[in-house]
Amino acid sequence: MARLVITGNGPLRGEVRIAGAKNAALPVLAAGLLSAEPLQVSNVPGVRDIDTAIRLLELLGCVVKRQDDSVHIDSSGVNNVRAPYELVKTMRGAVLLLGPLLARFGEADVSLPGGCAIGERPVNEHIEGLRAMGAEITIDSGYIKARASRLKGCRYAFDIPSVTGTENLLMAATLAEGDTELENAAMEPEVADLARLLNGMGARIQGAGTSIIRIRGVEALHGTRHAVPPDRIETGTFLAATAATRGKVTLRNTDPSFLLHVLTKMQAAGVRLTWGDDWIEVDSENTRCRAMNVSTAPYPAFPTDLQAQFMALNALADGVATVVENIFENRFMHVAELRRMGADIELQGNTAIVRGRERLQGAPVMATDLRASACLVIAALAADGDTTIDRIYHLDRGYAGIDDKLARLGGIIRRV
Ligand SMILES: CC(=O)N[C@H]1[C@@H](OP(=O)(O)OP(=O)(O)OC[C@H]2O[C@@H](n3ccc(=O)[nH]c3=O)[C@H](O)[C@@H]2O)O[C@H](CO)[C@@H](O)[C@@H]1O
Ligand SMILES: C=C(OP(=O)(O)O)C(=O)O
């Protein structure tokens with residue numbers, strides 16, 4: 001099993017190009033099932049979850065061509081509606097096949113999903129929402145079995161604004177008979193981007209990116225081209241890594257407007273930031289940033305997917321920070337690993353109290369999930385000595401070529 005060995009050696013410096021967003025690309029690829037005409041997607045990140053999504057589409061009978069960051073999906077020959085456990089267990093995004101399969105083919109058998117082990121992660125909202133559209137759904141031997149001759153428009157109010165739940169219902173409603181209104185919908189940029197794609201395919205969606213989304217069902221969707229937006233979580237990861245190592249990096253091909261909460265928080269902690277439409281420069285040379293309180297919540301507040309990376313930054317910051325995780329009940333697995341590196345962190349329920357240390361020390365540590373892996377990489381880059389990070393397959397699920405990118409910024413990092 002591959003490991004990363006990182007020798008902490010000071011500031012990251014240079015330029016880095018941010019990839020397309022994994023969590024935007026996954027629903028876009030699933031939406032390729034909604035039309036018999038081809039979908040051409042660009043700026044698709046080269047990450048393991050995308051490999052898995054493509055394998056799943058191929059298993060269903062799609063013809064998928066991938067070249068560099070472009071993916072072409074032809075789903076005219078779909079002959080199977082079963083997404084098997086072996087693949088679905090490895091990533092949460094696979095549950096996004098449910099809505100499109102059901103809407104276009106009237107049936108879907110999708111294994112209950114996996115993904116990062118950061119909490120219980122039920123799919124009750126996906127199921128209740130599709131039931132409200134008239135689907136018959138049972139859970140049978142670990143599979144969600146859904147049937148509907150044609151879905152019907154409905155009003156559905158989410159108890160919790162689920163991101164993939166909103167995406168699933170949004171896709172399903174595009175081909176339903178009549179109007180659908182989704183209330184308390186997730187407002188994440190990935191939902192708004194999916195709606196942009198679907199409208200480009202001929203759907204009639206209004207309000208995506210707000211908490212109320214209205215969809216007028218159509219008979220069929222057509223093919224189109226779509227560019228995946230930049231990854232706001234990869235962007236935040238490089239911002240935290242640069243500040244932690246007291247470096248100076250320009251991030252290209254990104255979108256600061258998705259991260260305003262994080263950017264203003266960093267500025268308030270003394271990190272020098274400037275940005276334009278598609279770039280951000282972070283200048284932390286010779287500067288130890290102050291502790292930053294973090295409280296995760298749905299967009300536009302602080303993203304749970306950056307909590308671990310900013311825990312690493314706080315472990316090295318000046319002062320005491322509280323980090324509150326409000327989305328997932330088990331997303332502090334990185335704390336025990338950071339402590340191995342000398343971090344001073346106390347856990348009280350869903351709150352971590354982080355007392356910043358001037359230095360951390362390299363140590364053998366284990367990656368427990370995707371963003372926990374990124375947290376350990378950041379801590380290791382800033383620590384004294386060598387850190388060996390085990391189980392980095394988690395990292396490869398969501399970061400495209402992160403070792404090469406960090407090496408080009410001066411990080412000493414090798415895969416063994
Ligand atoms: C592939 C993808 O896009 N993954 C992202 C997506 O995950 P995902 O879509 O799985 O996360 P959700 O938005 O659904 O989860 C938010 C909260 O709702 C709860 N919940 C969710 C669905 C449901 O049916 N019932 C229920 O109770 C979850 O347990 C969690 O506490 O959004 C999360 C929150 O921003 C991110 O961390 C993930 O990176
Ligand atoms: C939690 C994440 O992914 P998933 O939802 O696929 O587990 C993530 O991208 O941080």
# chains A, B, ... in the order shown; residues from 1 in each chain; ligands from 1
$ residues_near_ligand --ligand "ligand 1" --cutoff "7 Å" --atoms "only C-alpha atoms and all ligand atoms" --output "list of chain:residue names"
A:Asn23, A:Leu26, A:Arg92, A:Gly93, A:Gly119, A:Glu120, A:Arg121, A:Pro122, A:Val123, A:Asn124, A:Glu125, A:His126, A:Ile160, A:Pro161, A:Ser162, A:Val163, A:Thr164, A:Gly165, A:Pro298, A:Pro303, A:Thr304, A:Asp305, A:Ile327, A:Phe328
$ write_last_selection --atoms "C-alpha atoms" --output "PDB file, in the first residue's frame"
ATOM      1  CA  ASN A  23     -17.833  17.236  -6.088  1.00  0.00           C
ATOM      2  CA  LEU A  26     -19.529  13.739 -10.046  1.00  0.00           C
ATOM      3  CA  ARG A  92     -20.471   8.744  -1.783  1.00  0.00           C
ATOM      4  CA  GLY A  93     -20.965  10.375  -5.190  1.00  0.00           C
ATOM      5  CA  GLY A 119     -20.385   9.853  10.207  1.00  0.00           C
ATOM      6  CA  GLU A 120     -23.450   7.755   9.682  1.00  0.00           C
ATOM      7  CA  ARG A 121     -24.398   9.504   6.401  1.00  0.00           C
ATOM      8  CA  PRO A 122     -27.930   8.201   5.808  1.00  0.00           C
ATOM      9  CA  VAL A 123     -29.732   8.616   2.444  1.00  0.00           C
ATOM     10  CA  ASN A 124     -33.268   8.938   3.845  1.00  0.00           C
ATOM     11  CA  GLU A 125     -33.768  12.366   2.212  1.00  0.00           C
ATOM     12  CA  HIS A 126     -32.883  10.995  -1.254  1.00  0.00           C
ATOM     13  CA  ILE A 160     -31.408  18.900   6.437  1.00  0.00           C
ATOM     14  CA  PRO A 161     -30.147  20.564   3.230  1.00  0.00           C
ATOM     15  CA  SER A 162     -28.337  17.549   1.778  1.00  0.00           C
ATOM     16  CA  VAL A 163     -25.963  18.349  -1.110  1.00  0.00           C
ATOM     17  CA  THR A 164     -26.153  15.055  -3.004  1.00  0.00           C
ATOM     18  CA  GLY A 165     -29.814  14.709  -1.933  1.00  0.00           C
ATOM     19  CA  PRO A 298     -23.712  24.580   4.893  1.00  0.00           C
ATOM     20  CA  PRO A 303     -17.141  24.131   4.599  1.00  0.00           C
ATOM     21  CA  THR A 304     -16.811  20.901   6.564  1.00  0.00           C
ATOM     22  CA  ASP A 305     -14.504  19.684   3.775  1.00  0.00           C
ATOM     23  CA  ILE A 327     -22.187  18.618   9.768  1.00  0.00           C
ATOM     24  CA  PHE A 328     -20.682  15.183  10.445  1.00  0.00           C
TER      25      PHE A 328
END
$ residues_around --residues "A:Ser211" --least-positions-apart "4" --cutoff "7 Å" --atoms "only C-alpha atoms" --output "ChimeraX atom specification"
/A:183-187
$ closest_residue --among "A:Met366, A:Leu101, A:Gly61, A:Glu329" --to "A:Leu395" --atoms "only C-alpha atoms"
A:Met366
$ select_by_dssp --residues "stretch 44-144 of chain A" --states "helix (DSSP H, G or I)" --output "PDB file with C-alpha atoms, in the first residue's frame"
ATOM      1  CA  ARG A  48      -9.776   8.239  -8.233  1.00  0.00           C
ATOM      2  CA  ASP A  49     -13.451   9.092  -7.650  1.00  0.00           C
ATOM      3  CA  ILE A  50     -13.747  10.179 -11.274  1.00  0.00           C
ATOM      4  CA  ASP A  51     -12.148   6.871 -12.409  1.00  0.00           C
ATOM      5  CA  THR A  52     -14.789   5.086 -10.312  1.00  0.00           C
ATOM      6  CA  ALA A  53     -17.635   7.202 -11.720  1.00  0.00           C
ATOM      7  CA  ILE A  54     -16.515   6.392 -15.263  1.00  0.00           C
ATOM      8  CA  ARG A  55     -16.251   2.662 -14.506  1.00  0.00           C
ATOM      9  CA  LEU A  56     -19.801   2.785 -13.119  1.00  0.00           C
ATOM     10  CA  LEU A  57     -21.139   4.562 -16.222  1.00  0.00           C
ATOM     11  CA  GLU A  58     -19.415   1.960 -18.420  1.00  0.00           C
ATOM     12  CA  LEU A  59     -20.933  -0.888 -16.391  1.00  0.00           C
ATOM     13  CA  LEU A  60     -24.361   0.618 -17.045  1.00  0.00           C
ATOM     14  CA  TYR A  85     -21.631  -2.523  -4.074  1.00  0.00           C
ATOM     15  CA  GLU A  86     -17.984  -3.163  -4.998  1.00  0.00           C
ATOM     16  CA  LEU A  87     -17.718   0.250  -6.695  1.00  0.00           C
ATOM     17  CA  VAL A  88     -20.420   2.260  -4.901  1.00  0.00           C
ATOM     18  CA  ARG A  92     -20.471   8.744  -1.783  1.00  0.00           C
ATOM     19  CA  GLY A  93     -20.965  10.375  -5.190  1.00  0.00           C
ATOM     20  CA  ALA A  94     -22.156   7.047  -6.640  1.00  0.00           C
ATOM     21  CA  VAL A  95     -25.558   7.578  -5.027  1.00  0.00           C
ATOM     22  CA  LEU A  96     -26.027  10.291  -7.669  1.00  0.00           C
ATOM     23  CA  LEU A  97     -26.795   7.565 -10.237  1.00  0.00           C
ATOM     24  CA  LEU A  98     -30.112   6.902  -8.489  1.00  0.00           C
ATOM     25  CA  GLY A  99     -32.068   9.981  -9.628  1.00  0.00           C
ATOM     26  CA  PRO A 100     -30.992   9.972 -13.303  1.00  0.00           C
ATOM     27  CA  LEU A 101     -31.442   6.183 -13.772  1.00  0.00           C
ATOM     28  CA  LEU A 102     -34.914   6.277 -12.265  1.00  0.00           C
ATOM     29  CA  ALA A 103     -35.970   9.376 -14.208  1.00  0.00           C
ATOM     30  CA  ARG A 104     -34.873   8.135 -17.627  1.00  0.00           C
ATOM     31  CA  PHE A 105     -35.282   4.345 -17.371  1.00  0.00           C
ATOM     32  CA  ASN A 124     -33.268   8.938   3.845  1.00  0.00           C
ATOM     33  CA  GLU A 125     -33.768  12.366   2.212  1.00  0.00           C
ATOM     34  CA  HIS A 126     -32.883  10.995  -1.254  1.00  0.00           C
ATOM     35  CA  ILE A 127     -35.360   8.157  -0.757  1.00  0.00           C
ATOM     36  CA  GLU A 128     -38.174  10.231   0.764  1.00  0.00           C
ATOM     37  CA  GLY A 129     -37.823  12.851  -1.974  1.00  0.00           C
ATOM     38  CA  LEU A 130     -38.042  10.269  -4.756  1.00  0.00           C
ATOM     39  CA  ARG A 131     -41.005   8.626  -2.999  1.00  0.00           C
ATOM     40  CA  ALA A 132     -42.703  12.050  -2.968  1.00  0.00           C
TER      41      ALA A 132
END
$ select_by_dssp --residues "stretch 257-383 of chain A" --states "strand (DSSP E)" --output "list in words"
Arg272, Leu273, Thr274, Trp275, Trp279, Ile280, Glu281, Val282, Asp283, Val294, Ser295, Val320, Ala321, Thr322, Val323, Val324, Asp344, Ile345, Glu346, Leu347, Gln348, Thr351, Ala352, Ile353, Val354, Arg355, Pro364, Val365 and Met366 of chain A
$ write_last_selection --atoms "C-alpha atoms" --output "JSON list (two decimals), in the first residue's frame"
[["chain", "number", "residue", "atom", "x", "y", "z"],
["A", 272, "ARG", "CA", -1.99, 38.54, 3.38],
["A", 273, "LEU", "CA", -4.34, 37.68, 0.49],
["A", 274, "THR", "CA", -5.12, 39.34, -2.82],
["A", 275, "TRP", "CA", -7.36, 37.95, -5.54],
["A", 279, "TRP", "CA", -6.60, 33.75, -9.06],
["A", 280, "ILE", "CA", -5.62, 34.17, -5.42],
["A", 281, "GLU", "CA", -2.21, 35.14, -4.07],
["A", 282, "VAL", "CA", -1.38, 34.15, -0.52],
["A", 283, "ASP", "CA", 1.68, 35.74, 1.03],
["A", 294, "VAL", "CA", -13.93, 27.65, 12.74],
["A", 295, "SER", "CA", -17.55, 26.50, 12.82],
["A", 320, "VAL", "CA", -6.06, 29.18, 20.89],
["A", 321, "ALA", "CA", -8.80, 28.31, 18.37],
["A", 322, "THR", "CA", -12.07, 26.46, 18.72],
["A", 323, "VAL", "CA", -13.05, 24.28, 15.78],
["A", 324, "VAL", "CA", -16.69, 23.17, 15.80],
["A", 344, "ASP", "CA", -2.04, 20.34, 21.42],
["A", 345, "ILE", "CA", -5.72, 19.59, 20.77],
["A", 346, "GLU", "CA", -8.46, 18.84, 23.28],
["A", 347, "LEU", "CA", -11.74, 17.32, 22.14],
["A", 348, "GLN", "CA", -15.07, 18.16, 23.80],
["A", 351, "THR", "CA", -15.60, 20.99, 19.47],
["A", 352, "ALA", "CA", -11.83, 20.86, 19.25],
["A", 353, "ILE", "CA", -9.78, 23.32, 21.27],
["A", 354, "VAL", "CA", -6.52, 23.84, 19.43],
["A", 355, "ARG", "CA", -3.61, 25.49, 21.24],
["A", 364, "PRO", "CA", 4.42, 8.08, 11.36],
["A", 365, "VAL", "CA", 0.70, 8.83, 10.91],
["A", 366, "MET", "CA", -2.31, 7.26, 9.23]]
$ closest_residue --among "A:Arg331, A:Arg414, A:His222, A:Arg288" --to "ligand 2" --atoms "only C-alpha atoms and all ligand atoms"
A:Arg331
$ residues_around --residues "stretch 135-143 of chain A" --least-positions-apart "2" --cutoff "7 Å" --atoms "only C-alpha atoms" --output "list in words"
Asp109, Val110, Ser111, Leu112, Leu130, Arg131, Met133, Lys145, Ala146, Arg147, Ala148 and Leu151 of chain A
$ closest_residue --among "A:Pro229, A:Pro45, A:Pro300, A:Gly14" --to "A:Ala400" --atoms "only C-alpha atoms"
A:Pro45
$ residues_around --residues "stretch 254-257 of chain A" --least-positions-apart "3" --cutoff "10 Å" --atoms "only C-alpha atoms" --output "PyMOL selection string"
chain A and resi 16-21+189+229-232+234-236+251+260-263+274-280
$ atom_distance --atom1 "atom CA of A:Asn286" --atom2 "atom CA of A:Leu12"
11.9 Å
$ closest_residue --among "A:Lys22, A:Arg13, A:Arg225, A:Lys152" --to "ligand 2" --atoms "only C-alpha atoms and all ligand atoms"
A:Lys22
$ residues_around --residues "A:Leu197" --least-positions-apart "2" --cutoff "9 Å" --atoms "only C-alpha atoms" --output "PDB file with C-alpha atoms, in the first residue's frame"
ATOM      1  CA  VAL A  28     -22.323  16.323 -13.913  1.00  0.00           C
ATOM      2  CA  ALA A  31     -26.368  13.729 -15.447  1.00  0.00           C
ATOM      3  CA  ALA A 192     -25.917  25.688  -8.926  1.00  0.00           C
ATOM      4  CA  ASP A 193     -23.382  24.344 -11.426  1.00  0.00           C
ATOM      5  CA  LEU A 194     -25.396  21.158 -11.927  1.00  0.00           C
ATOM      6  CA  ALA A 195     -28.504  23.262 -12.630  1.00  0.00           C
ATOM      7  CA  ASN A 199     -30.581  23.940 -18.204  1.00  0.00           C
ATOM      8  CA  GLY A 200     -27.965  23.661 -20.985  1.00  0.00           C
ATOM      9  CA  MET A 201     -29.468  20.219 -21.726  1.00  0.00           C
ATOM     10  CA  GLY A 202     -32.948  21.746 -22.021  1.00  0.00           C
ATOM     11  CA  ALA A 203     -34.184  21.482 -18.417  1.00  0.00           C
ATOM     12  CA  THR A 224     -24.391  19.693 -24.502  1.00  0.00           C
ATOM     13  CA  ARG A 225     -20.883  20.756 -23.479  1.00  0.00           C
ATOM     14  CA  HIS A 226     -19.970  21.781 -19.951  1.00  0.00           C
ATOM     15  CA  ALA A 227     -16.848  22.931 -18.083  1.00  0.00           C
TER      16      ALA A 227
END
$ atom_distance --atom1 "atom CA of A:Gln67" --atom2 "atom CA of A:Ala30"
18.1 Å
$ residues_around --residues "A:Ala372" --least-positions-apart "2" --cutoff "8 Å" --atoms "only C-alpha atoms" --output "PyMOL selection string"
chain A and resi 308-309+333-334+367-370+374-376
$ write_last_selection --atoms "C-alpha atoms" --output "PDB file, in the first residue's frame"
ATOM      1  CA  ALA A 308      -9.329  19.240   8.895  1.00  0.00           C
ATOM      2  CA  GLN A 309      -6.915  21.330   6.783  1.00  0.00           C
ATOM      3  CA  MET A 333     -10.218  11.379  13.149  1.00  0.00           C
ATOM      4  CA  HIS A 334      -7.235  13.544  12.188  1.00  0.00           C
ATOM      5  CA  ALA A 367      -4.758   8.932   6.843  1.00  0.00           C
ATOM      6  CA  THR A 368      -8.316   8.050   7.863  1.00  0.00           C
ATOM      7  CA  ASP A 369     -10.324   9.876   5.189  1.00  0.00           C
ATOM      8  CA  LEU A 370      -9.846  12.239   2.276  1.00  0.00           C
ATOM      9  CA  ALA A 374      -4.820  16.622   3.337  1.00  0.00           C
ATOM     10  CA  CYS A 375      -4.607  17.878   6.928  1.00  0.00           C
ATOM     11  CA  LEU A 376      -1.695  15.521   7.629  1.00  0.00           C
TER      12      LEU A 376
END
$ residues_around --residues "A:Leu175" --least-positions-apart "5" --cutoff "7 Å" --atoms "only C-alpha atoms" --output "ChimeraX atom specification"
/A:103,217-220
$ closest_residue --among "A:Asn43, A:Thr90, A:Ser70, A:Gln206" --to "ligand 2" --atoms "only C-alpha atoms and all ligand atoms"
A:Thr90
